[in-house]
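Source file: model.cif. Holds: mmCIF, C-alpha atoms and all ligand atoms.
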```cif
data_query
#
loop_
_atom_site.label_atom_id
_atom_site.label_comp_id
_atom_site.auth_asym_id
_atom_site.auth_seq_id
_atom_site.Cartn_x
_atom_site.Cartn_y
_atom_site.Cartn_z
CA MET A 87 76.77 -23.63 51.38
CA GLY A 88 80.31 -22.14 51.36
CA GLN A 89 81.23 -18.52 50.88
CA ALA A 90 79.85 -18.11 47.38
CA ARG A 91 79.87 -14.53 46.14
CA ILE A 92 76.99 -12.90 44.35
CA LEU A 93 77.36 -9.79 42.22
CA LEU A 94 73.95 -8.15 42.54
CA ILE A 95 72.98 -5.55 39.95
CA VAL A 96 70.05 -3.43 41.12
CA GLY A 97 68.15 -1.75 38.28
CA GLY A 98 65.78 1.21 38.34
CA GLY A 99 62.38 -0.33 39.00
CA ILE A 100 59.74 0.08 41.63
CA ALA A 101 60.69 -3.39 42.98
CA ALA A 102 64.28 -2.28 43.73
CA TYR A 103 63.46 -2.12 47.44
CA LYS A 104 63.01 -5.91 47.42
CA SER A 105 66.72 -6.26 46.65
CA LEU A 106 67.31 -5.23 50.28
CA GLU A 107 65.35 -8.24 51.49
CA LEU A 108 67.22 -10.45 49.02
CA ILE A 109 70.61 -9.30 50.39
CA ARG A 110 69.39 -10.09 53.92
CA LEU A 111 68.29 -13.59 52.90
CA LEU A 112 71.57 -14.19 51.07
CA ALA A 113 73.58 -13.12 54.11
CA ARG A 114 71.61 -15.54 56.32
CA ARG A 115 72.71 -18.35 54.01
CA GLY A 116 76.34 -17.24 54.17
CA LEU A 117 76.24 -15.77 50.65
CA ALA A 118 78.07 -12.46 50.30
CA ALA A 119 76.56 -9.89 47.93
CA ARG A 120 78.53 -7.12 46.24
CA VAL A 121 76.21 -4.52 44.75
CA ILE A 122 76.18 -2.51 41.53
CA LEU A 123 73.44 0.12 41.57
CA THR A 124 72.35 1.78 38.32
CA GLN A 125 71.74 5.50 38.18
CA ALA A 126 67.99 4.87 37.87
CA GLY A 127 68.19 2.25 40.64
CA ALA A 128 69.45 4.96 43.00
CA GLN A 129 66.13 6.78 42.52
CA PHE A 130 64.36 3.87 44.18
CA VAL A 131 66.78 2.58 46.83
CA THR A 132 69.69 4.38 48.47
CA PRO A 133 73.30 3.25 48.25
CA LEU A 134 73.42 3.66 52.04
CA SER A 135 70.69 1.04 52.63
CA LEU A 136 72.31 -1.40 50.20
CA SER A 137 75.74 -0.88 51.66
CA SER A 138 74.50 -1.24 55.27
CA LEU A 139 72.94 -4.61 54.46
CA SER A 140 75.71 -5.94 52.22
CA GLY A 141 78.47 -4.72 54.54
CA ASP A 142 80.40 -3.44 51.54
CA ARG A 143 80.52 -0.29 49.46
CA VAL A 144 78.13 0.01 46.51
CA TYR A 145 79.47 0.42 42.96
CA GLN A 146 77.72 2.99 40.76
CA ASP A 147 80.09 4.66 38.34
CA LEU A 148 81.86 3.17 35.32
CA PHE A 149 84.28 6.08 35.11
CA SER A 150 85.30 6.29 38.75
CA LEU A 151 89.08 6.49 38.85
CA THR A 152 89.27 5.05 42.36
CA ASP A 153 86.91 2.18 41.55
CA GLU A 154 88.72 1.27 38.33
CA ALA A 155 92.03 1.20 40.18
CA GLU A 156 90.70 -0.87 43.09
CA MET A 157 87.77 -2.88 41.76
CA GLY A 158 86.95 -2.13 38.10
CA HIS A 159 84.14 -3.64 36.05
CA ILE A 160 86.23 -6.66 35.03
CA GLU A 161 87.35 -7.37 38.59
CA LEU A 162 83.76 -7.09 39.88
CA SER A 163 82.62 -9.94 37.66
CA ARG A 164 85.85 -11.91 38.12
CA GLN A 165 85.34 -12.07 41.86
CA ALA A 166 81.73 -13.30 41.64
CA ASP A 167 80.41 -16.84 41.40
CA LEU A 168 77.09 -15.69 40.00
CA VAL A 169 75.73 -12.41 38.62
CA VAL A 170 72.15 -11.61 39.64
CA VAL A 171 70.20 -8.71 38.13
CA CYS A 172 67.33 -7.85 40.47
CA PRO A 173 65.19 -6.14 39.51
CA ALA A 174 66.08 -6.54 35.85
CA THR A 175 64.44 -3.58 34.13
CA ALA A 176 63.24 -3.68 30.53
CA ASP A 177 66.07 -1.26 29.83
CA LEU A 178 68.82 -3.43 31.35
CA MET A 179 67.55 -6.52 29.52
CA ALA A 180 67.46 -4.61 26.23
CA LYS A 181 71.03 -3.43 26.76
CA ALA A 182 72.27 -6.91 27.67
CA ALA A 183 70.41 -8.53 24.77
CA HIS A 184 72.09 -6.14 22.34
CA GLY A 185 75.53 -6.21 23.93
CA LEU A 186 75.46 -2.53 24.89
CA ALA A 187 78.00 -1.37 27.44
CA SER A 188 76.95 2.17 28.29
CA ASP A 189 77.17 2.15 32.08
CA LEU A 190 78.74 0.10 34.86
CA ALA A 191 75.89 -2.46 35.02
CA SER A 192 75.69 -3.17 31.28
CA THR A 193 79.48 -3.13 30.82
CA THR A 194 79.88 -5.66 33.63
CA LEU A 195 77.19 -7.86 32.08
CA LEU A 196 79.02 -7.80 28.76
CA ALA A 197 82.38 -8.44 30.39
CA THR A 198 81.36 -11.37 32.55
CA ASP A 199 81.91 -15.03 31.82
CA LYS A 200 79.96 -16.07 34.92
CA ARG A 201 76.43 -17.40 34.91
CA VAL A 202 73.79 -14.69 34.93
CA LEU A 203 70.33 -14.73 36.52
CA MET A 204 67.92 -11.96 35.56
CA VAL A 205 64.84 -11.34 37.68
CA PRO A 206 62.59 -9.02 35.67
CA ALA A 207 59.93 -6.75 37.12
CA MET A 208 57.96 -4.25 35.12
CA ASN A 209 54.53 -3.11 34.01
CA VAL A 210 52.60 -5.88 32.21
CA ARG A 211 52.58 -4.00 28.90
CA MET A 212 56.32 -3.51 29.02
CA TRP A 213 56.73 -7.24 29.78
CA GLU A 214 54.41 -8.28 26.95
CA HIS A 215 55.79 -5.81 24.41
CA PRO A 216 57.27 -7.65 21.39
CA ALA A 217 60.59 -5.86 21.96
CA THR A 218 60.87 -7.25 25.51
CA ARG A 219 59.76 -10.71 24.31
CA ARG A 220 62.54 -10.61 21.69
CA ASN A 221 65.11 -9.45 24.23
CA VAL A 222 64.18 -12.20 26.70
CA ALA A 223 64.40 -14.81 23.93
CA ARG A 224 67.81 -13.46 22.89
CA LEU A 225 69.10 -13.51 26.47
CA GLU A 226 67.86 -17.07 27.02
CA ALA A 227 69.46 -18.17 23.76
CA ASP A 228 72.71 -16.61 25.06
CA GLY A 229 72.46 -18.82 28.17
CA VAL A 230 71.11 -16.21 30.61
CA ARG A 231 68.52 -17.56 33.05
CA VAL A 232 65.50 -15.25 33.04
CA MET A 233 63.09 -15.96 35.91
CA PRO A 234 59.47 -15.64 34.81
CA PRO A 235 57.81 -12.79 36.72
CA ASP A 236 54.81 -13.39 38.98
CA THR A 237 51.29 -12.54 37.87
CA GLY A 238 49.09 -10.31 40.03
CA PRO A 239 48.12 -6.72 40.84
CA MET A 240 50.90 -4.27 40.07
CA ALA A 241 52.11 -1.03 41.65
CA CYS A 242 50.84 0.81 38.54
CA GLY A 243 47.28 -0.41 39.23
CA GLU A 244 47.20 -2.96 36.38
CA PHE A 245 47.01 -6.75 36.62
CA GLY A 246 49.16 -9.33 34.85
CA PRO A 247 52.63 -10.85 34.63
CA GLY A 248 55.45 -8.50 35.57
CA ARG A 249 55.71 -8.62 39.37
CA LEU A 250 59.05 -9.48 40.96
CA PRO A 251 58.90 -13.02 42.41
CA GLU A 252 59.13 -13.18 46.21
CA PRO A 253 62.76 -12.89 47.47
CA GLU A 254 62.56 -16.43 48.97
CA ARG A 255 61.93 -17.82 45.46
CA ILE A 256 64.77 -15.76 44.03
CA LEU A 257 67.05 -17.12 46.77
CA ALA A 258 66.02 -20.70 45.87
CA GLU A 259 66.81 -20.00 42.21
CA ILE A 260 70.23 -18.57 43.15
CA GLU A 261 71.02 -21.59 45.33
CA GLY A 262 69.96 -23.91 42.51
CA MET A 263 72.28 -22.15 40.09
CA LEU A 264 75.17 -22.20 42.55
CA THR A 265 74.87 -25.91 43.27
CA GLY A 266 74.28 -26.91 39.63
CA PRO A 267 77.22 -27.79 37.39
CA ALA A 268 79.51 -24.74 37.47
CA ARG A 269 80.24 -24.80 33.77
CA SER A 270 79.28 -27.53 31.34
CA PRO A 271 82.15 -29.75 30.27
CA PRO A 272 83.33 -29.14 26.71
CA PRO A 273 80.91 -30.91 24.38
CA CYS A 274 81.97 -34.16 22.81
CA GLY A 275 80.18 -36.55 20.47
CA PRO A 276 79.50 -36.68 16.75
CA LEU A 277 77.58 -33.40 16.71
CA ALA A 278 80.05 -31.35 18.81
CA GLY A 279 80.57 -27.88 17.37
CA LEU A 280 77.15 -27.77 15.68
CA ARG A 281 74.40 -25.48 16.87
CA ALA A 282 70.78 -26.63 16.54
CA VAL A 283 67.60 -24.64 17.03
CA ILE A 284 64.48 -26.77 17.60
CA THR A 285 60.88 -25.73 18.08
CA ALA A 286 58.48 -27.93 20.04
CA GLY A 287 55.02 -28.08 21.55
CA PRO A 288 51.86 -26.21 20.68
CA THR A 289 51.36 -22.46 20.49
CA ARG A 290 48.54 -20.59 22.21
CA GLU A 291 46.76 -17.79 20.42
CA PRO A 292 44.84 -15.63 22.89
CA LEU A 293 41.26 -14.55 22.28
CA ASP A 294 41.01 -12.56 25.49
CA PRO A 295 42.90 -12.57 28.83
CA VAL A 296 41.52 -16.02 29.78
CA ARG A 297 40.87 -17.94 26.51
CA TYR A 298 43.11 -19.14 23.72
CA MET A 299 43.20 -21.33 20.58
CA SER A 300 45.69 -24.21 20.68
CA ASN A 301 46.17 -27.88 19.68
CA HIS A 302 46.95 -31.27 21.22
CA SER A 303 50.72 -31.26 20.72
CA SER A 304 52.51 -32.47 23.89
CA GLY A 305 56.01 -31.38 22.81
CA ARG A 306 57.36 -34.93 23.41
CA GLN A 307 58.84 -35.42 19.94
CA GLY A 308 60.64 -32.05 19.84
CA TYR A 309 61.97 -32.44 23.40
CA ALA A 310 63.23 -35.95 22.59
CA ILE A 311 65.05 -34.65 19.50
CA ALA A 312 66.56 -31.76 21.49
CA GLY A 313 67.79 -34.25 24.12
CA SER A 314 69.24 -36.64 21.52
CA LEU A 315 71.15 -33.89 19.71
CA ALA A 316 72.49 -32.49 23.00
CA GLN A 317 73.62 -35.98 24.09
CA ARG A 318 75.62 -36.19 20.87
CA GLY A 319 77.39 -32.94 21.66
CA ALA A 320 75.34 -30.35 19.73
CA GLU A 321 74.64 -26.96 21.29
CA VAL A 322 70.85 -27.01 21.40
CA VAL A 323 68.36 -24.16 21.79
CA LEU A 324 64.83 -25.43 22.30
CA VAL A 325 62.14 -22.86 21.57
CA SER A 326 59.14 -24.35 23.29
CA GLY A 327 55.46 -23.57 23.44
CA PRO A 328 53.62 -24.38 26.69
CA THR A 329 54.23 -28.03 27.71
CA ALA A 330 54.38 -30.01 30.94
CA LEU A 331 57.78 -31.52 30.09
CA ALA A 332 61.16 -31.12 31.79
CA ILE A 333 63.89 -29.50 29.71
CA PRO A 334 66.36 -32.22 28.63
CA ASP A 335 69.89 -32.07 30.10
CA GLY A 336 72.29 -29.77 28.31
CA VAL A 337 69.54 -27.96 26.39
CA THR A 338 68.94 -24.19 26.58
CA ALA A 339 65.21 -23.51 26.62
CA VAL A 340 63.35 -20.43 25.45
CA ARG A 341 59.71 -20.54 26.50
CA VAL A 342 57.10 -18.84 24.37
CA GLU A 343 53.30 -18.87 24.04
CA THR A 344 52.22 -17.54 20.66
CA ALA A 345 53.39 -18.27 17.11
CA SER A 346 54.64 -14.69 16.78
CA GLU A 347 56.74 -15.08 19.94
CA MET A 348 58.07 -18.39 18.60
CA TYR A 349 58.99 -16.68 15.33
CA ASP A 350 60.84 -13.93 17.20
CA ALA A 351 62.60 -16.42 19.48
CA VAL A 352 63.74 -18.54 16.51
CA SER A 353 65.02 -15.45 14.66
CA ALA A 354 66.88 -14.36 17.80
CA SER A 355 68.44 -17.84 18.17
CA LEU A 356 69.89 -17.96 14.66
CA PRO A 357 72.42 -18.38 13.12
CA ALA A 358 72.57 -22.15 13.57
CA ASP A 359 73.79 -25.15 11.61
CA ILE A 360 70.58 -27.12 12.04
CA PHE A 361 66.96 -26.01 12.34
CA ILE A 362 64.20 -28.49 13.15
CA GLY A 363 60.63 -27.22 13.25
CA VAL A 364 58.73 -29.78 15.30
CA ALA A 365 56.28 -27.40 17.00
CA ALA A 366 52.63 -27.54 16.03
CA VAL A 367 52.49 -23.83 15.27
CA ALA A 368 49.01 -22.37 14.92
CA ASP A 369 48.47 -21.27 11.32
CA TRP A 370 46.09 -18.52 12.40
CA ARG A 371 45.43 -16.28 15.36
CA PRO A 372 42.40 -14.22 16.30
CA ALA A 373 42.57 -10.90 14.46
CA ARG A 374 41.80 -9.13 17.72
CA ARG A 375 42.79 -9.97 21.26
CA ALA A 376 40.10 -8.56 23.52
CA ALA A 377 41.54 -6.51 26.39
CA SER A 378 38.93 -7.87 28.81
CA LYS A 379 37.06 -11.19 29.01
CA LEU A 380 34.52 -11.59 26.18
CA LYS A 381 30.99 -11.71 27.57
CA LEU A 382 28.15 -13.94 26.43
CA LYS A 383 25.60 -11.48 27.77
CA GLY A 384 24.34 -9.14 25.14
CA ALA A 385 25.73 -11.16 22.18
CA LYS A 386 23.22 -11.14 19.32
CA GLY A 387 23.21 -14.42 17.40
CA PRO A 388 26.28 -16.63 16.83
CA LEU A 389 29.64 -15.09 17.59
CA SER A 390 31.99 -14.98 14.61
CA LEU A 391 35.71 -15.05 14.94
CA SER A 392 38.00 -13.40 12.47
CA LEU A 393 41.44 -15.01 12.04
CA VAL A 394 44.67 -13.75 10.52
CA GLU A 395 47.66 -15.79 9.34
CA ASN A 396 50.59 -16.32 11.65
CA PRO A 397 54.18 -15.96 10.43
CA ASP A 398 55.46 -19.13 8.70
CA ILE A 399 58.49 -20.04 10.82
CA LEU A 400 59.73 -23.02 8.78
CA ARG A 401 59.45 -21.14 5.50
CA SER A 402 61.17 -18.06 6.88
CA VAL A 403 64.14 -20.19 8.01
CA GLY A 404 64.20 -22.46 4.92
CA THR A 405 64.20 -19.55 2.47
CA ARG A 406 66.63 -17.24 4.27
CA GLU A 407 69.11 -15.70 1.88
CA ARG A 408 71.74 -15.06 4.51
CA GLN A 409 72.81 -17.40 7.29
CA ARG A 410 70.38 -20.17 6.33
CA PRO A 411 71.05 -23.21 8.54
CA ARG A 412 72.89 -25.91 6.60
CA LEU A 413 70.15 -28.42 7.38
CA VAL A 414 66.50 -27.34 7.67
CA ILE A 415 64.02 -30.00 8.74
CA GLY A 416 60.27 -29.56 9.08
CA PHE A 417 57.62 -31.82 10.53
CA ALA A 418 54.35 -32.13 8.66
CA ALA A 419 51.35 -33.32 10.62
CA GLU A 420 48.70 -34.40 8.14
CA THR A 421 45.40 -36.19 8.37
CA ASN A 422 45.10 -37.08 4.65
CA ALA A 423 47.10 -37.23 1.38
CA LEU A 424 50.33 -37.44 3.41
CA ASP A 425 52.62 -38.04 0.44
CA ARG A 426 51.29 -35.17 -1.68
CA HIS A 427 51.23 -32.68 1.19
CA ALA A 428 54.75 -33.63 2.34
CA ARG A 429 56.29 -33.21 -1.13
CA ALA A 430 54.52 -29.88 -1.60
CA LYS A 431 55.71 -28.71 1.81
CA LEU A 432 59.30 -29.66 1.01
CA ARG A 433 59.27 -27.29 -1.97
CA ARG A 434 57.14 -24.52 -0.53
CA LYS A 435 59.05 -24.20 2.73
CA GLY A 436 62.56 -24.49 1.32
CA ALA A 437 63.23 -27.41 3.70
CA ASP A 438 65.90 -30.08 3.12
CA TRP A 439 63.90 -32.82 4.81
CA ILE A 440 60.25 -33.09 5.70
CA ILE A 441 59.27 -35.64 8.32
CA ALA A 442 55.63 -36.38 7.73
CA ASN A 443 53.33 -38.13 10.13
CA ASP A 444 49.70 -39.06 9.94
CA VAL A 445 48.08 -37.47 12.98
CA SER A 446 44.59 -38.79 12.35
CA GLY A 447 45.31 -41.55 14.94
CA ASP A 448 46.93 -41.33 18.37
CA VAL A 449 50.24 -39.67 17.41
CA MET A 450 49.51 -36.15 18.61
CA GLY A 451 50.03 -36.13 22.35
CA GLY A 452 50.90 -39.88 22.31
CA THR A 453 54.21 -41.66 22.98
CA ASP A 454 54.76 -43.33 19.58
CA ASN A 455 55.28 -41.94 16.13
CA GLU A 456 55.28 -43.35 12.62
CA VAL A 457 56.84 -41.17 9.96
CA SER A 458 58.08 -40.95 6.40
CA VAL A 459 61.13 -38.84 5.66
CA TYR A 460 61.08 -36.81 2.43
CA SER A 461 64.04 -35.12 0.79
CA ALA A 462 64.96 -34.01 -2.74
CA SER A 463 66.32 -37.50 -3.35
CA GLY A 464 63.10 -39.39 -2.44
CA SER A 465 61.27 -40.68 0.57
CA GLU A 466 61.73 -43.38 3.16
CA ARG A 467 59.17 -44.89 5.50
CA TRP A 468 60.30 -45.54 9.07
CA PRO A 469 58.55 -48.19 11.18
CA ARG A 470 56.38 -47.19 14.14
CA MET A 471 58.59 -46.54 17.18
CA ASN A 472 58.48 -44.48 20.33
CA LYS A 473 59.37 -40.81 20.10
CA SER A 474 62.77 -41.19 21.86
CA ALA A 475 63.81 -43.97 19.47
CA LEU A 476 62.75 -41.80 16.55
CA ALA A 477 64.76 -38.88 17.98
CA ASP A 478 67.86 -41.08 18.27
CA ARG A 479 67.46 -42.33 14.74
CA LEU A 480 67.05 -38.80 13.41
CA ALA A 481 70.10 -37.59 15.39
CA GLY A 482 72.10 -40.44 13.84
CA ARG A 483 70.94 -39.41 10.36
CA ILE A 484 71.91 -35.82 11.03
CA ALA A 485 75.39 -36.90 12.12
CA VAL A 486 75.75 -38.92 8.90
CA HIS A 487 74.55 -35.90 6.90
CA PHE A 488 77.33 -33.79 8.44
CA GLY A 489 79.85 -36.58 7.73
CA ARG A 490 80.69 -36.97 11.41
CA PRO A 491 82.71 -39.95 12.60
CA GLY A 492 81.05 -42.21 15.17
CA ALA A 493 77.69 -41.26 13.70
CA ALA A 494 76.01 -44.64 14.24
CA GLU A 495 72.22 -44.49 14.51
C1 LIG B 1 58.23 5.55 38.99
C2 LIG B 1 58.93 4.68 37.99
C3 LIG B 1 58.87 3.33 38.11
C4 LIG B 1 59.52 2.51 37.18
N1 LIG B 1 59.43 1.15 37.31
C5 LIG B 1 60.03 0.37 36.41
C6 LIG B 1 59.93 -1.05 36.54
O1 LIG B 1 59.32 -1.58 37.47
N2 LIG B 1 60.52 -1.81 35.60
C7 LIG B 1 61.20 -1.28 34.55
O2 LIG B 1 61.70 -2.04 33.71
N3 LIG B 1 61.32 0.06 34.42
C8 LIG B 1 60.76 0.88 35.31
N4 LIG B 1 60.87 2.25 35.17
C9 LIG B 1 61.66 2.79 34.06
C10 LIG B 1 63.16 2.72 34.38
O3 LIG B 1 63.45 3.37 35.59
C11 LIG B 1 63.96 3.34 33.22
O4 LIG B 1 63.76 2.57 32.06
C12 LIG B 1 65.44 3.44 33.53
O5 LIG B 1 66.10 3.99 32.42
C13 LIG B 1 66.03 2.07 33.85
O6 LIG B 1 67.41 2.21 34.04
P1 LIG B 1 68.32 0.98 34.47
O7 LIG B 1 67.89 -0.17 33.68
O8 LIG B 1 69.71 1.44 34.13
O9 LIG B 1 68.16 0.81 35.94
C14 LIG B 1 60.25 3.08 36.10
C15 LIG B 1 60.33 4.48 36.01
C16 LIG B 1 59.69 5.27 36.94
C17 LIG B 1 59.79 6.77 36.81
#
```
Turn this file's structure into C-alpha cells for me.
Ligand SMILES: Cc1cc2nc3c(=O)[nH]c(=O)nc-3n(C[C@H](O)[C@H](O)[C@H](O)COP(=O)(O)O)c2cc1C
Amino acid sequence: MGQARILLIVGGGIAAYKSLELIRLLARRGLAARVILTQAGAQFVTPLSLSSLSGDRVYQDLFSLTDEAEMGHIELSRQADLVVVCPATADLMAKAAHGLASDLASTTLLATDKRVLMVPAMNVRMWEHPATRRNVARLEADGVRVMPPDTGPMACGEFGPGRLPEPERILAEIEGMLTGPARSPPPCGPLAGLRAVITAGPTREPLDPVRYMSNHSSGRQGYAIAGSLAQRGAEVVLVSGPTALAIPDGVTAVRVETASEMYDAVSASLPADIFIGVAAVADWRPARRAASKLKLKGAKGPLSLSLVENPDILRSVGTRERQRPRLVIGFAAETNALDRHARAKLRRKGADWIIANDVSGDVMGGTDNEVSVYSASGSERWPRMNKSALADRLAGRIAVHFGRPGAAE
C-alpha cells in the first residue's frame, strides 16, 4: 500500500495504550499516523510515547497559536486519507453525534470531509446505555464506520461487549477502508436526491444475558428493497436487526438488536423522503431483563413471563407532525384475515401504503413473497415472485410515485 496518511485521534479510555501498538502496526505497513491526543487521553498515554512511535509531534490543543499557524484543525484533516478514533470514548462519540466542537478532537471530526472509523472501547453499561446506542446509530447514519467492540472480561471487572478489538483487526479494517472506493460517485438514477430509511430483519428481546425472544424473519425482503433503491440512486439507510446477510452495495447500515434500539436508530436517521418498515419488530418485550442467567433450579411451578409493549415504529413515523417522510410504507405479516388487517393497519399507522403478505406458509425466512399492496385508493394483488423481483417492482412504483423520469418497473 502507498503512503496513505492516517489521522489518529486517541481518546481518554483505559484502552488508549493499545493505540501505541496500532501506530507500530500501521508503520510496518507503510502507513503514516499523525496523532491528536485528547486531554483525557493524555491521562492514559503520554504524548512522548505516541510521538516516539509516530515519528511526529502530537497535537493536543485547539487554541495553540503555533499549531493553528502551522497545522490547524482544518489542515490536520485535509492532509489525512482516513480519520481513525481509537479508542473512541463514549464522550467523543456523543460529541461527534451531536456535532459538538469543543476541543481539538471534536472540532477536527466536525471539520473533516474524510472517511471516519471509530473504534469504541468502554464499560459494558456505558456501551449498552440508550444514549450511546442512539449516538452510534446517529454516527452510522451519518456515514461513520463504527467497529463493534469485542465481548469479554473488562478492565473494570465486568463482562460483556465494550473491549477494544485487537490492533491487528483494527489495522485490517483501516486497510479495507483505504482500499475501498475513496468516495462514492455522485448518485444517478430515478431516485437520486431522495433519502430512504428502511428497517429489516427480526428484533431480539432479551430475557437474560443468554436468552431472547425473536421471530423467523431473515431480513431478505428489506435488504433486497434497500439494494434496489440504492441501485436507482437513492441514499439508503438500512436499520437492521440481526441477520446473516451482506449489506447491499451503496447502503449505509445501522445494526441493532432490540425494537427499542431500532426505534432510536430510525428516529436518529430521519428526516427522510421515504420510510419503509419491513422489519418484523417484536410487539412485546420481557418486562424485566434478568441481570444474570435465569435458573431452573428452585423454580416453583410453571414460570410466567410478563411482557410489555414495544414502541410502534411504523406508527411513530407515519403520524409524525413534523418532518414526516413523504412516503411511508409498512409491511403487514398476517396469518389470517389479511384484507381486514391490512386496511386497519393503513389507517391506524398513518401509512401511505401497506404491503400485506400471508406468512402462514413459507414466506417468512423464504426466498419468495406474494403480496397485496393497499393504499387509500384501493388494493392490488401482485403475483408470487422472488424477493428481489418484488423489491425491483416496489422501487419502480416508488419512482413513479415521485414522478421521476426513467422510472420503469
Ligand atoms: C480510569 C478511567 C478509565 C476510563 N475508561 C474509559 C473508557 O474505557 N471508555 C470511555 O468511553 N470512557 C472512559 N473513561 C471516561 C473518560 O475518560 C471521560 O469520559 C473523558 O471525558 C473522555 O474524554 P475524551 O473523550 O475527550 O477523551 C474513563 C475514566 C477513568 C477515570
For range 251-256 of chain A: contacts at 10 Å, all atoms listed in the file, fewer than 6 positions along chain excluded, given as a ChimeraX atom specification: /A:101,104-112,170,172-173,203-207,233-237,262
One-decimal distance in Å that lies between CA of Val96 in chain A and CA of Met157 in chain A: 17.7 Å
Set the distance at 6 Å and use all atoms listed in the file: which residues neighbour range 380-397 of chain A once local chain neighbours fewer than 6 positions away are removed? I'd like the list as a list in words. Asp369, Trp370, Arg371, Pro372 and Ala373 of chain A
Output for the residues just chosen: C-alpha atoms as a PDB file, keeping the file's coordinate frame:
```
ATOM      1  CA  ASP A 369      48.470 -21.270  11.320  1.00  0.00           C
ATOM      2  CA  TRP A 370      46.090 -18.520  12.400  1.00  0.00           C
ATOM      3  CA  ARG A 371      45.430 -16.280  15.360  1.00  0.00           C
ATOM      4  CA  PRO A 372      42.400 -14.220  16.300  1.00  0.00           C
ATOM      5  CA  ALA A 373      42.570 -10.900  14.460  1.00  0.00           C
TER       6      ALA A 373
END
```
Please identify every polymer residue within 7 Å of ligand LIG 1 (chain B), using all atoms listed in the file, and present the set as an mmCIF file with C-alpha atoms, keeping the file's coordinate frame.
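This is the output file out_24.cif:
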```cif
data_model
loop_
_atom_site.group_PDB
_atom_site.id
_atom_site.type_symbol
_atom_site.label_atom_id
_atom_site.label_comp_id
_atom_site.auth_asym_id
_atom_site.auth_seq_id
_atom_site.Cartn_x
_atom_site.Cartn_y
_atom_site.Cartn_z
ATOM 1 C CA VAL A 96 70.050 -3.430 41.120
ATOM 2 C CA GLY A 97 68.150 -1.750 38.280
ATOM 3 C CA GLY A 98 65.780 1.210 38.340
ATOM 4 C CA GLY A 99 62.380 -0.330 39.000
ATOM 5 C CA ILE A 100 59.740 0.080 41.630
ATOM 6 C CA ALA A 101 60.690 -3.390 42.980
ATOM 7 C CA THR A 124 72.350 1.780 38.320
ATOM 8 C CA GLN A 125 71.740 5.500 38.180
ATOM 9 C CA ALA A 126 67.990 4.870 37.870
ATOM 10 C CA GLY A 127 68.190 2.250 40.640
ATOM 11 C CA ALA A 174 66.080 -6.540 35.850
ATOM 12 C CA THR A 175 64.440 -3.580 34.130
ATOM 13 C CA ALA A 176 63.240 -3.680 30.530
ATOM 14 C CA ASP A 177 66.070 -1.260 29.830
ATOM 15 C CA LEU A 178 68.820 -3.430 31.350
ATOM 16 C CA ALA A 207 59.930 -6.750 37.120
ATOM 17 C CA MET A 208 57.960 -4.250 35.120
ATOM 18 C CA ASN A 209 54.530 -3.110 34.010
#
```
Separation of CA of Leu117 in chain A from CA of Gly158 in chain A in Å: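 About the pair CA of Gly158 in chain A and CA of Leu117 in chain A: they are 21.4 Å apart.
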List the spatial neighbours of Lys431 in chain A as a tab-separated table (two decimals) with C-alpha atoms, in the frame of the given file - criterion: any atom at most 10 Å away, all atoms listed in the file, same-chain residues fewer than 4 positions off excluded.
```
chain	number	residue	atom	x	y	z
A	400	LEU	CA	59.73	-23.02	8.78
A	401	ARG	CA	59.45	-21.14	5.50
A	416	GLY	CA	60.27	-29.56	9.08
A	417	PHE	CA	57.62	-31.82	10.53
A	418	ALA	CA	54.35	-32.13	8.66
A	425	ASP	CA	52.62	-38.04	0.44
A	426	ARG	CA	51.29	-35.17	-1.68
A	427	HIS	CA	51.23	-32.68	1.19
A	435	LYS	CA	59.05	-24.20	2.73
A	436	GLY	CA	62.56	-24.49	1.32
A	437	ALA	CA	63.23	-27.41	3.70
A	439	TRP	CA	63.90	-32.82	4.81
A	440	ILE	CA	60.25	-33.09	5.70
A	442	ALA	CA	55.63	-36.38	7.73
A	460	TYR	CA	61.08	-36.81	2.43
```
Quick one: everything within 12 Å of Leu225 in chain A, counting all atoms listed in the file, minus sequence neighbours fewer than 2 positions away in the same chain. Send it as an mmCIF file with C-alpha atoms, keeping the file's coordinate frame.
```
data_model
loop_
_atom_site.group_PDB
_atom_site.id
_atom_site.type_symbol
_atom_site.label_atom_id
_atom_site.label_comp_id
_atom_site.auth_asym_id
_atom_site.auth_seq_id
_atom_site.Cartn_x
_atom_site.Cartn_y
_atom_site.Cartn_z
ATOM 1 C CA LEU A 178 68.820 -3.430 31.350
ATOM 2 C CA MET A 179 67.550 -6.520 29.520
ATOM 3 C CA ALA A 180 67.460 -4.610 26.230
ATOM 4 C CA LYS A 181 71.030 -3.430 26.760
ATOM 5 C CA ALA A 182 72.270 -6.910 27.670
ATOM 6 C CA ALA A 183 70.410 -8.530 24.770
ATOM 7 C CA HIS A 184 72.090 -6.140 22.340
ATOM 8 C CA GLY A 185 75.530 -6.210 23.930
ATOM 9 C CA LEU A 195 77.190 -7.860 32.080
ATOM 10 C CA LEU A 196 79.020 -7.800 28.760
ATOM 11 C CA ARG A 201 76.430 -17.400 34.910
ATOM 12 C CA VAL A 202 73.790 -14.690 34.930
ATOM 13 C CA LEU A 203 70.330 -14.730 36.520
ATOM 14 C CA MET A 204 67.920 -11.960 35.560
ATOM 15 C CA THR A 218 60.870 -7.250 25.510
ATOM 16 C CA ARG A 219 59.760 -10.710 24.310
ATOM 17 C CA ARG A 220 62.540 -10.610 21.690
ATOM 18 C CA ASN A 221 65.110 -9.450 24.230
ATOM 19 C CA VAL A 222 64.180 -12.200 26.700
ATOM 20 C CA ALA A 223 64.400 -14.810 23.930
ATOM 21 C CA ALA A 227 69.460 -18.170 23.760
ATOM 22 C CA ASP A 228 72.710 -16.610 25.060
ATOM 23 C CA GLY A 229 72.460 -18.820 28.170
ATOM 24 C CA VAL A 230 71.110 -16.210 30.610
ATOM 25 C CA ARG A 231 68.520 -17.560 33.050
ATOM 26 C CA VAL A 232 65.500 -15.250 33.040
ATOM 27 C CA MET A 233 63.090 -15.960 35.910
ATOM 28 C CA VAL A 323 68.360 -24.160 21.790
ATOM 29 C CA THR A 338 68.940 -24.190 26.580
ATOM 30 C CA ALA A 339 65.210 -23.510 26.620
ATOM 31 C CA VAL A 340 63.350 -20.430 25.450
ATOM 32 C CA ARG A 341 59.710 -20.540 26.500
ATOM 33 C CA ALA A 351 62.600 -16.420 19.480
ATOM 34 C CA ALA A 354 66.880 -14.360 17.800
ATOM 35 C CA SER A 355 68.440 -17.840 18.170
#
```
